[in-house]
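See below for entry_38.txt, which holds compact mmCIF, C-alpha atoms.
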```txt
# COMPACT_ATOMS: atom_id res chain seq x y z
CA MET A 1 -33.82 20.18 70.17
CA ARG A 2 -37.03 18.13 70.01
CA ARG A 3 -38.45 17.14 73.36
CA LEU A 4 -38.34 13.41 74.10
CA THR A 5 -41.63 11.56 74.42
CA ILE A 6 -42.84 8.22 75.73
CA LYS A 7 -42.90 7.04 72.12
CA ASP A 8 -39.14 7.64 71.84
CA VAL A 9 -38.52 5.59 74.98
CA ALA A 10 -40.77 2.83 73.67
CA GLU A 11 -38.99 2.61 70.31
CA ILE A 12 -35.53 2.41 71.84
CA ALA A 13 -36.61 -0.09 74.50
CA GLY A 14 -38.45 -2.16 71.91
CA VAL A 15 -41.78 -2.10 73.74
CA SER A 16 -45.16 -0.43 73.30
CA THR A 17 -45.97 3.06 74.58
CA SER A 18 -48.56 1.54 76.91
CA THR A 19 -45.85 -0.65 78.44
CA VAL A 20 -43.71 2.43 79.07
CA SER A 21 -46.72 4.11 80.66
CA ARG A 22 -47.25 1.12 82.93
CA VAL A 23 -43.62 1.20 84.00
CA LEU A 24 -43.82 4.94 84.75
CA SER A 25 -47.00 4.40 86.76
CA ASP A 26 -45.39 1.51 88.65
CA SER A 27 -48.01 -0.96 87.39
CA PRO A 28 -47.60 -4.54 88.69
CA LEU A 29 -48.61 -5.85 85.26
CA VAL A 30 -45.07 -5.43 83.87
CA SER A 31 -42.39 -8.12 84.22
CA ASP A 32 -39.20 -7.29 86.11
CA ASP A 33 -37.05 -7.73 82.99
CA THR A 34 -39.22 -5.35 80.95
CA ARG A 35 -39.31 -2.83 83.79
CA LYS A 36 -35.50 -2.85 84.08
CA LYS A 37 -35.11 -2.47 80.29
CA VAL A 38 -37.46 0.52 80.12
CA LEU A 39 -35.96 2.25 83.18
CA LYS A 40 -32.48 1.80 81.74
CA VAL A 41 -33.54 3.68 78.59
CA VAL A 42 -35.24 6.34 80.71
CA ARG A 43 -31.99 6.93 82.63
CA GLU A 44 -29.81 6.93 79.53
CA LEU A 45 -32.05 9.48 77.80
CA ASN A 46 -32.45 11.52 80.98
CA PHE A 47 -36.16 11.33 80.16
CA SER A 48 -38.57 13.34 82.26
CA PRO A 49 -42.17 12.06 81.96
CA ASN A 50 -44.60 14.63 80.65
CA VAL A 51 -47.76 15.79 82.32
CA VAL A 52 -49.84 12.93 80.88
CA ALA A 53 -47.46 10.29 82.21
CA ARG A 54 -47.34 11.92 85.64
CA ALA A 55 -51.11 12.13 85.64
CA LEU A 56 -51.34 8.44 84.84
CA LYS A 57 -48.98 7.63 87.70
CA LYS A 58 -51.11 9.63 90.12
CA ARG A 59 -54.41 8.59 88.51
CA GLU A 60 -55.29 12.25 88.08
CA SER A 61 -56.08 12.61 84.40
CA SER A 62 -59.78 12.91 85.33
CA THR A 63 -60.77 11.66 81.89
CA ILE A 64 -62.88 8.64 81.02
CA GLY A 65 -63.79 7.08 77.70
CA LEU A 66 -67.32 6.33 76.47
CA LEU A 67 -67.63 3.97 73.52
CA VAL A 68 -71.03 3.70 71.77
CA PRO A 69 -72.12 2.13 68.45
CA ASP A 70 -74.42 4.86 67.10
CA ILE A 71 -74.64 8.32 68.64
CA VAL A 72 -77.28 9.27 66.03
CA ASN A 73 -79.65 6.86 67.77
CA PRO A 74 -81.42 8.91 70.47
CA TYR A 75 -81.14 5.91 72.80
CA PHE A 76 -77.35 6.19 72.95
CA ALA A 77 -77.48 10.00 72.92
CA GLU A 78 -79.56 9.95 76.12
CA ILE A 79 -77.22 7.41 77.71
CA ALA A 80 -74.25 9.63 76.81
CA ARG A 81 -75.99 12.58 78.43
CA GLY A 82 -76.46 10.57 81.61
CA VAL A 83 -72.77 9.69 81.68
CA GLU A 84 -71.56 13.21 80.90
CA ASP A 85 -73.84 15.02 83.36
CA ILE A 86 -72.75 12.96 86.36
CA ALA A 87 -69.12 12.79 85.24
CA HIS A 88 -68.97 16.58 84.92
CA LYS A 89 -70.33 17.01 88.45
CA SER A 90 -67.53 14.75 89.67
CA GLY A 91 -64.85 16.71 87.84
CA TYR A 92 -64.33 14.24 85.00
CA SER A 93 -64.20 14.87 81.27
CA VAL A 94 -65.65 12.34 78.82
CA VAL A 95 -64.03 11.29 75.55
CA LEU A 96 -66.88 10.05 73.35
CA CYS A 97 -66.09 7.53 70.60
CA ASN A 98 -68.78 6.52 68.11
CA TYR A 99 -67.78 3.38 66.20
CA ASP A 100 -70.77 3.12 63.83
CA ALA A 101 -71.30 -0.60 64.57
CA ASP A 102 -67.97 -1.26 62.79
CA THR A 103 -65.86 -3.83 64.63
CA GLU A 104 -62.57 -2.63 63.15
CA LYS A 105 -63.36 0.96 64.09
CA GLU A 106 -64.39 -0.25 67.54
CA LYS A 107 -61.06 -2.02 67.98
CA LYS A 108 -59.16 1.06 66.83
CA TYR A 109 -60.99 3.32 69.28
CA LEU A 110 -60.21 0.95 72.15
CA GLN A 111 -56.52 1.25 71.27
CA VAL A 112 -56.75 5.04 70.99
CA LEU A 113 -58.46 5.32 74.38
CA LEU A 114 -55.78 3.16 75.96
CA GLN A 115 -53.06 5.38 74.52
CA ARG A 116 -54.82 8.53 75.76
CA GLN A 117 -54.27 7.37 79.34
CA ILE A 118 -57.93 7.45 80.31
CA ASP A 119 -58.72 6.66 83.93
CA GLY A 120 -61.62 4.38 83.05
CA LEU A 121 -63.98 3.27 80.29
CA ILE A 122 -67.74 2.90 79.89
CA TYR A 123 -68.19 0.42 77.08
CA ALA A 124 -71.38 -0.07 75.06
CA GLY A 125 -69.50 -2.14 72.54
CA SER A 126 -70.56 -4.92 70.23
CA GLY A 127 -69.64 -7.71 72.63
CA LEU A 128 -67.41 -9.22 69.94
CA LEU A 129 -64.19 -7.88 71.43
CA ALA A 130 -64.05 -9.67 74.76
CA GLY A 131 -60.28 -10.01 74.37
CA SER A 132 -59.92 -6.24 74.06
CA ILE A 133 -61.86 -5.73 77.29
CA VAL A 134 -59.59 -8.21 79.03
CA ASN A 135 -56.59 -6.21 77.77
CA LEU A 136 -58.06 -3.02 79.25
CA LEU A 137 -58.61 -4.70 82.60
CA GLN A 138 -55.11 -6.16 82.56
CA ALA A 139 -53.76 -2.69 81.81
CA GLY A 140 -55.37 -1.52 85.04
CA ILE A 141 -58.17 0.49 83.37
CA PRO A 142 -61.47 0.09 85.24
CA THR A 143 -64.23 -0.76 82.76
CA VAL A 144 -68.01 -0.82 83.03
CA LEU A 145 -70.09 -2.62 80.42
CA LEU A 146 -73.22 -0.73 79.45
CA ASP A 147 -76.22 -2.37 77.79
CA ARG A 148 -74.02 -5.32 76.88
CA ASP A 149 -74.26 -8.03 79.52
CA THR A 150 -71.30 -10.37 79.04
CA SER A 151 -70.88 -10.91 82.77
CA GLU A 152 -71.04 -14.67 82.24
CA ILE A 153 -67.67 -14.65 80.50
CA LEU A 154 -66.02 -11.50 81.85
CA ASP A 155 -65.34 -10.45 85.42
CA VAL A 156 -66.37 -6.85 84.83
CA ASP A 157 -68.88 -4.35 86.23
CA THR A 158 -72.15 -4.20 84.27
CA VAL A 159 -75.22 -1.95 84.06
CA CYS A 160 -78.06 -3.36 81.97
CA ILE A 161 -81.73 -4.30 81.82
CA ASP A 162 -83.37 -7.71 81.81
CA ASP A 163 -83.95 -7.95 78.05
CA GLU A 164 -85.87 -11.20 78.28
CA SER A 165 -88.43 -9.88 80.77
CA ALA A 166 -88.66 -6.54 78.97
CA ALA A 167 -89.55 -8.22 75.67
CA GLN A 168 -92.26 -10.20 77.42
CA LEU A 169 -93.92 -6.94 78.48
CA ALA A 170 -94.36 -6.05 74.81
CA VAL A 171 -95.36 -9.47 73.50
CA ASP A 172 -97.71 -10.28 76.39
CA HIS A 173 -99.48 -6.98 75.73
CA LEU A 174 -99.97 -7.80 72.06
CA ILE A 175 -101.24 -11.28 72.93
CA SER A 176 -103.67 -9.75 75.43
CA LEU A 177 -105.11 -7.72 72.54
CA GLY A 178 -105.81 -10.92 70.62
CA HIS A 179 -102.74 -11.11 68.37
CA ARG A 180 -101.34 -14.58 67.67
CA GLU A 181 -99.24 -13.87 64.59
CA ILE A 182 -96.61 -11.42 65.79
CA ALA A 183 -93.65 -10.53 63.58
CA VAL A 184 -90.32 -9.57 65.16
CA LEU A 185 -87.83 -7.00 63.88
CA SER A 186 -84.75 -8.18 65.74
CA GLY A 187 -81.48 -6.37 66.26
CA PRO A 188 -78.10 -7.83 65.19
CA GLU A 189 -77.97 -11.51 66.10
CA TYR A 190 -74.54 -11.23 67.78
CA LEU A 191 -75.84 -8.87 70.47
CA ASN A 192 -76.82 -10.26 73.87
CA SER A 193 -79.73 -7.81 73.95
CA SER A 194 -81.15 -9.15 70.68
CA ARG A 195 -80.86 -12.74 71.84
CA GLY A 196 -82.42 -11.92 75.21
CA ARG A 197 -85.38 -10.12 73.64
CA LEU A 198 -85.95 -12.95 71.18
CA ALA A 199 -85.91 -15.43 74.07
CA GLY A 200 -88.53 -13.32 75.84
CA TYR A 201 -90.69 -13.29 72.70
CA LYS A 202 -90.54 -17.08 72.46
CA LEU A 203 -91.41 -17.51 76.15
CA SER A 204 -94.47 -15.28 75.79
CA LEU A 205 -95.66 -17.31 72.80
CA ALA A 206 -95.09 -20.60 74.61
CA ARG A 207 -97.02 -19.48 77.69
CA SER A 208 -100.01 -18.71 75.47
CA ALA A 209 -99.68 -21.96 73.47
CA ILE A 210 -98.81 -20.04 70.29
CA ASP A 211 -96.48 -21.75 67.83
CA PHE A 212 -93.17 -20.03 67.13
CA LYS A 213 -92.79 -19.28 63.40
CA PRO A 214 -89.17 -18.60 62.38
CA GLU A 215 -90.33 -16.93 59.15
CA LEU A 216 -91.80 -14.08 61.21
CA VAL A 217 -88.39 -13.15 62.68
CA VAL A 218 -86.09 -10.91 60.65
CA SER A 219 -83.01 -9.07 61.85
CA GLY A 220 -80.98 -5.97 61.06
CA PRO A 221 -79.38 -2.90 62.67
CA PHE A 222 -81.32 -0.73 65.13
CA THR A 223 -82.16 1.93 62.51
CA THR A 224 -85.25 3.39 60.85
CA GLU A 225 -83.93 2.27 57.47
CA ALA A 226 -83.71 -1.34 58.68
CA GLY A 227 -87.22 -1.19 60.14
CA PHE A 228 -88.62 0.11 56.85
CA GLU A 229 -86.81 -2.49 54.75
CA LEU A 230 -87.49 -5.46 57.03
CA VAL A 231 -91.24 -4.89 57.38
CA THR A 232 -91.52 -4.27 53.63
CA LYS A 233 -89.72 -7.55 52.99
CA LEU A 234 -92.07 -9.40 55.36
CA VAL A 235 -95.23 -8.05 53.78
CA ARG A 236 -94.06 -8.71 50.23
CA SER A 237 -93.00 -12.25 51.16
CA GLY A 238 -96.64 -13.06 51.87
CA ALA A 239 -96.01 -13.69 55.59
CA ARG A 240 -99.21 -13.38 57.62
CA PHE A 241 -99.02 -11.27 60.78
CA THR A 242 -101.25 -8.81 62.58
CA ALA A 243 -98.66 -7.20 64.85
CA VAL A 244 -94.99 -6.22 64.88
CA PHE A 245 -92.63 -6.23 67.86
CA ALA A 246 -89.61 -4.10 66.96
CA MET A 247 -86.56 -4.38 69.21
CA SER A 248 -85.87 -0.64 69.04
CA ASP A 249 -88.01 2.45 68.60
CA MET A 250 -85.97 3.48 65.58
CA MET A 251 -86.86 0.18 63.88
CA ALA A 252 -90.50 0.59 64.93
CA ILE A 253 -90.69 4.10 63.45
CA GLY A 254 -89.20 2.80 60.20
CA ALA A 255 -91.68 -0.08 60.23
CA ILE A 256 -94.65 2.26 60.65
CA LYS A 257 -93.45 4.28 57.67
CA GLY A 258 -92.98 1.10 55.65
CA LEU A 259 -96.45 -0.21 56.47
CA GLN A 260 -98.04 3.13 55.61
CA ARG A 261 -96.15 3.18 52.30
CA LEU A 262 -97.76 -0.21 51.58
CA ASN A 263 -101.19 1.29 52.34
CA LEU A 264 -101.52 -0.66 55.60
CA ARG A 265 -102.94 1.24 58.57
CA VAL A 266 -101.31 1.27 62.00
CA PRO A 267 -102.84 0.02 64.23
CA GLU A 268 -106.07 -0.86 62.38
CA ASP A 269 -104.35 -3.36 60.05
CA ILE A 270 -101.04 -3.99 61.82
CA ALA A 271 -100.25 -3.15 65.45
CA VAL A 272 -96.70 -2.01 66.26
CA VAL A 273 -94.79 -2.00 69.55
CA GLY A 274 -91.26 -0.63 69.93
CA PHE A 275 -88.50 -0.72 72.52
CA ASP A 276 -86.61 2.15 74.26
CA ASN A 277 -89.10 5.05 74.65
CA ILE A 278 -87.00 7.67 72.89
CA LYS A 279 -88.47 11.19 72.70
CA MET A 280 -89.51 10.69 69.08
CA SER A 281 -91.82 7.79 70.02
CA GLU A 282 -94.53 10.16 71.26
CA LEU A 283 -94.08 12.66 68.42
CA ILE A 284 -94.92 10.38 65.51
CA THR A 285 -98.39 9.44 64.23
CA PRO A 286 -99.64 7.16 65.60
CA GLU A 287 -97.81 7.61 68.90
CA LEU A 288 -95.68 4.56 69.60
CA THR A 289 -96.43 1.98 72.26
CA THR A 290 -93.04 0.94 73.59
CA VAL A 291 -91.01 -0.68 76.34
CA ALA A 292 -89.35 2.17 78.24
CA GLN A 293 -85.71 1.80 79.17
CA PRO A 294 -84.21 4.11 81.83
CA MET A 295 -81.68 5.46 79.32
CA TYR A 296 -80.38 8.43 81.33
CA GLU A 297 -80.14 6.28 84.45
CA LEU A 298 -78.21 3.60 82.55
CA GLY A 299 -75.58 6.23 81.77
CA SER A 300 -75.51 7.86 85.20
CA GLN A 301 -75.38 4.50 87.00
CA ALA A 302 -72.54 3.34 84.76
CA PHE A 303 -70.45 6.37 85.74
CA ALA A 304 -71.37 5.98 89.42
CA ILE A 305 -70.05 2.41 89.41
CA LEU A 306 -66.95 3.45 87.48
CA LYS A 307 -66.28 6.23 90.02
CA GLU A 308 -66.55 3.74 92.87
CA ARG A 309 -64.05 1.54 91.10
CA LEU A 310 -61.69 4.48 90.53
CA ASP A 311 -61.97 5.40 94.20
CA ALA A 312 -61.25 1.78 95.15
CA ARG A 313 -64.53 1.58 97.08
CA HIS A 314 -65.47 -1.81 95.62
CA SER A 315 -63.41 -4.91 95.00
CA GLU A 316 -66.12 -7.35 93.90
CA ARG A 317 -67.84 -7.11 90.55
CA GLN A 318 -71.17 -5.30 90.43
CA ARG A 319 -74.06 -6.15 88.12
CA ILE A 320 -76.86 -3.58 88.20
CA VAL A 321 -80.12 -4.51 86.44
CA LEU A 322 -82.51 -1.57 85.96
CA LYS A 323 -86.27 -1.90 85.56
CA THR A 324 -88.27 -1.38 82.37
CA ARG A 325 -91.98 -0.64 81.88
CA LEU A 326 -94.54 -0.71 79.08
CA ILE A 327 -95.84 2.64 77.79
CA VAL A 328 -99.18 2.12 76.03
CA ARG A 329 -99.97 4.64 73.29
CA ASP A 330 -101.84 4.44 69.99
CA SER A 331 -99.74 2.19 67.73
CA CYS A 332 -100.70 -1.07 69.46
CA GLY A 333 -104.45 -0.54 68.94
CA ALA A 334 -105.33 -1.02 72.60
CA ASN A 335 -108.22 1.41 72.13
CA LEU A 336 -109.61 -0.51 69.13
CA ARG A 337 -111.82 -3.56 68.96
CA THR A 338 -109.73 -6.72 68.64
CA ASP A 339 -112.30 -9.13 67.28
CA LYS A 340 -111.11 -8.76 63.68
CA LEU A 341 -107.32 -9.03 63.62
CA SER A 342 -106.59 -11.21 60.59
CA LEU A 343 -105.37 -9.60 57.40
CA ALA A 344 -107.79 -9.78 54.52
```
As structure tokens - that is how I would like this structure written.
Amino acid sequence: MRRLTIKDVAEIAGVSTSTVSRVLSDSPLVSDDTRKKVLKVVRELNFSPNVVARALKKRESSTIGLLVPDIVNPYFAEIARGVEDIAHKSGYSVVLCNYDADTEKEKKYLQVLLQRQIDGLIYAGSGLLAGSIVNLLQAGIPTVLLDRDTSEILDVDTVCIDDESAAQLAVDHLISLGHREIAVLSGPEYLNSSRGRLAGYKLSLARSAIDFKPELVVSGPFTTEAGFELVTKLVRSGARFTAVFAMSDMMAIGAIKGLQRLNLRVPEDIAVVGFDNIKMSELITPELTTVAQPMYELGSQAFAILKERLDARHSERQRIVLKTRLIVRDSCGANLRTDKLSLA
């Protein structure tokens, strides 16, 4: 005879499997009527919860979820390493879900992680699924937002950087080298990080009495392909600029390749500054000037906060903002004369 599962109980009781799990774990988020209905089915079926259900009740599954948009991007790979290293030392396993910047896939993974009875979630999601995060919190699953600061609308723990100030490090540096026409390769417009970095760019321009030119701002995904295509589009449009601020190193690397393909020299003709400081940034030619994010620390700090929440050591929300710094290499042209910066 086939062994009964939570799914069987859910179907007969007319509720979701997550609701059955909450009843079995004695969650306060279930109404009395629903609880009675589920327990009645449990008694009638003589159902004995399996190991996963018992683990949920005791909070001993020792598994957390990590949701990222692009594991191919070394930025997220380093963050994942930071999470996994510290989680492993604490006896936790990590279920990694890569949603490829696809909102529907992102939503599906959130549902899958909920059904897997994870103890907690570290979420580097798109920021478009605030309702899904609320559902996780209501289901009693501690959640930490990583690199996606939506703390203004969600009462949730957050680990991030100050994107606005970080962008100013890059743009102020380019301005100090004499650049006044600085193009921006922005990330997706719906991301808080993209908006924060663009705000920082505008503030730097304003402080130096440089007019903001919307035609110098183009946006796309944080990929080398996007960087290549966007900078090519800018040059062919006839836009005049002497420097590029790319909001990710991957975009910056693609931009350098695109400029070189157009027979423009970096940094002699166009200076380029990136954002992240991935390993590849110092392996390309020219080596990339970039804003360094503490990627590994972002991941390790996110797990540390999640662990505190799992251990019930904090009741108030935490918002940890980590520091960034500018790494000056060759691509910005800091070692070149800056008296002739206009394109011919």
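Our summary of the geometry notes that CA of Gly178 (chain A) is positioned 9.9 Å from CA of Ala243 (chain A).
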Per-residue nearest contacts of region 210-290 of chain A to region 83-104 of chain A (12 Å; only C-alpha atoms) as JSON lines:
```
{"residue": "A:Gly220", "atom": "CA", "partner": "A:Ala101", "partner_atom": "CA", "distance": 11.6}
{"residue": "A:Pro221", "atom": "CA", "partner": "A:Ala101", "partner_atom": "CA", "distance": 8.6}
{"residue": "A:Phe222", "atom": "CA", "partner": "A:Ala101", "partner_atom": "CA", "distance": 10.0}
{"residue": "A:Thr223", "atom": "CA", "partner": "A:Ala101", "partner_atom": "CA", "distance": 11.3}
```
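Between CA of Gln111 (chain A) and CA of Ile320 (chain A) lies a distance of 26.9 Å.
Considering all atoms listed in the file, the residue among A:Ala124, A:Ala255, A:Ser176, A:Thr242 positioned nearest to Ser193 (chain A) is A:Ala124.
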Around region 224-236 of chain A, fit a box with edges along x, y and z, padding it by 6 Å on each side, then list its centre and edge lengths in Å to one decimal as AutoDock Vina command-line options.
```
--center_x -89.5 --center_y -3.0 --center_z 55.5 --size_x 23.5 --size_y 24.8 --size_z 22.6
```
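Distance annotation: of A:Arg180, A:Lys257, A:Lys7, A:Arg325, the residue with the minimal separation from Ala206 (chain A) is A:Arg180; atom set is all atoms listed in the file.
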Which residues of region 144-211 of chain A come within 9 Å of region 332-336 of chain A, and what is each one's closest atom pair and distance in Å (one decimal), counting only C-alpha atoms, sorted by chain and residue number, as CSV?
```
residue,atom,partner,partner_atom,distance
A:His173,CA,A:Cys332,CA,8.7
A:Leu174,CA,A:Cys332,CA,7.3
A:Leu177,CA,A:Ala334,CA,6.7
```
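Among the candidates A:Thr289, A:Asn46, A:Asn263, A:Thr34, the one nearest to Asp8 (chain A) when counting all atoms listed in the file is A:Asn46.
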- [ ] Give the answer as one residue: which of A:Ser208, A:Thr19, A:Ser237, A:Ser219 has the shortest atom-to-atom distance to Gln117 (chain A), using only C-alpha atoms?
- [x] A:Thr19
How close does each residue of region 80-174 of chain A get to region 245-254 of chain A, giving the shortest atom pair and distance in Å to one decimal for every residue with an atom at most 10 Å away, counting all atoms listed in the file, sorted by chain and residue number, as JSON lines?
```
{"residue": "A:Asp163", "atom": "CA", "partner": "A:Met247", "partner_atom": "CA", "distance": 9.9}
{"residue": "A:Ala167", "atom": "CA", "partner": "A:Met247", "partner_atom": "CA", "distance": 8.1}
{"residue": "A:Ala170", "atom": "CA", "partner": "A:Phe245", "partner_atom": "CA", "distance": 7.2}
{"residue": "A:Val171", "atom": "CA", "partner": "A:Phe245", "partner_atom": "CA", "distance": 7.1}
{"residue": "A:Leu174", "atom": "CA", "partner": "A:Phe245", "partner_atom": "CA", "distance": 8.6}
```
Selection near Arg319 (chain A), 10 Å with only C-alpha atoms, sequence-local residues under 2 positions removed, as a PDB file with C-alpha atoms, in the frame of the given file:
```
ATOM      1  CA  VAL A 144     -68.010  -0.820  83.030  1.00  0.00           C
ATOM      2  CA  LEU A 145     -70.090  -2.620  80.420  1.00  0.00           C
ATOM      3  CA  ASP A 149     -74.260  -8.030  79.520  1.00  0.00           C
ATOM      4  CA  SER A 151     -70.880 -10.910  82.770  1.00  0.00           C
ATOM      5  CA  VAL A 156     -66.370  -6.850  84.830  1.00  0.00           C
ATOM      6  CA  ASP A 157     -68.880  -4.350  86.230  1.00  0.00           C
ATOM      7  CA  THR A 158     -72.150  -4.200  84.270  1.00  0.00           C
ATOM      8  CA  VAL A 159     -75.220  -1.950  84.060  1.00  0.00           C
ATOM      9  CA  CYS A 160     -78.060  -3.360  81.970  1.00  0.00           C
ATOM     10  CA  ILE A 305     -70.050   2.410  89.410  1.00  0.00           C
ATOM     11  CA  GLU A 316     -66.120  -7.350  93.900  1.00  0.00           C
ATOM     12  CA  ARG A 317     -67.840  -7.110  90.550  1.00  0.00           C
ATOM     13  CA  VAL A 321     -80.120  -4.510  86.440  1.00  0.00           C
ATOM     14  CA  LEU A 322     -82.510  -1.570  85.960  1.00  0.00           C
TER      15      LEU A 322
END
```
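When the distance limit is 10 Å and all atoms listed in the file are what count, the residues near Asn135 (chain A), minus those fewer than 6 positions from it on the same chain, are Leu110, Gln111, Leu114 and Ile141 of chain A.
Nearest to Leu310 (chain A) of all the residues A:Val9, A:Leu121, A:Val23, A:Leu169 is A:Leu121, counting all atoms listed in the file.
Point (-88.6, -1.1, 76.6) has the following residues at most 8 Å away: A:Ala166, A:Ala167, A:Ala170, A:Gly274, A:Phe275, A:Asp276, A:Asn277, A:Thr290, A:Val291, A:Ala292, A:Gln293, A:Thr324, A:Arg325, A:Leu326 (atoms considered: only C-alpha atoms).
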Which residues are close to Leu259 (chain A), i.e. within 12 Å by all atoms listed in the file, leaving aside same-chain residues fewer than 5 positions away? Reply as a CSV table (one decimal) with C-alpha atoms, in the coordinates of the input.
```csv
chain,number,residue,atom,x,y,z
A,227,GLY,CA,-87.2,-1.2,60.1
A,228,PHE,CA,-88.6,0.1,56.8
A,229,GLU,CA,-86.8,-2.5,54.8
A,230,LEU,CA,-87.5,-5.5,57.0
A,231,VAL,CA,-91.2,-4.9,57.4
A,232,THR,CA,-91.5,-4.3,53.6
A,233,LYS,CA,-89.7,-7.6,53.0
A,234,LEU,CA,-92.1,-9.4,55.4
A,235,VAL,CA,-95.2,-8.0,53.8
A,236,ARG,CA,-94.1,-8.7,50.2
A,242,THR,CA,-101.2,-8.8,62.6
A,243,ALA,CA,-98.7,-7.2,64.8
A,244,VAL,CA,-95.0,-6.2,64.9
A,252,ALA,CA,-90.5,0.6,64.9
A,253,ILE,CA,-90.7,4.1,63.4
A,254,GLY,CA,-89.2,2.8,60.2
A,264,LEU,CA,-101.5,-0.7,55.6
A,265,ARG,CA,-102.9,1.2,58.6
A,266,VAL,CA,-101.3,1.3,62.0
A,267,PRO,CA,-102.8,0.0,64.2
A,268,GLU,CA,-106.1,-0.9,62.4
A,269,ASP,CA,-104.4,-3.4,60.0
A,270,ILE,CA,-101.0,-4.0,61.8
A,271,ALA,CA,-100.2,-3.2,65.4
A,272,VAL,CA,-96.7,-2.0,66.3
A,331,SER,CA,-99.7,2.2,67.7
```
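The coordinates place CA of Arg240 (chain A) at 12.3 Å from CA of Pro214 (chain A).
For the set A:Leu185, A:Leu136, A:Ala209, A:Leu24, the residue with the smallest atom-to-atom gap to Arg197 (chain A) is A:Leu185, counting only C-alpha atoms.
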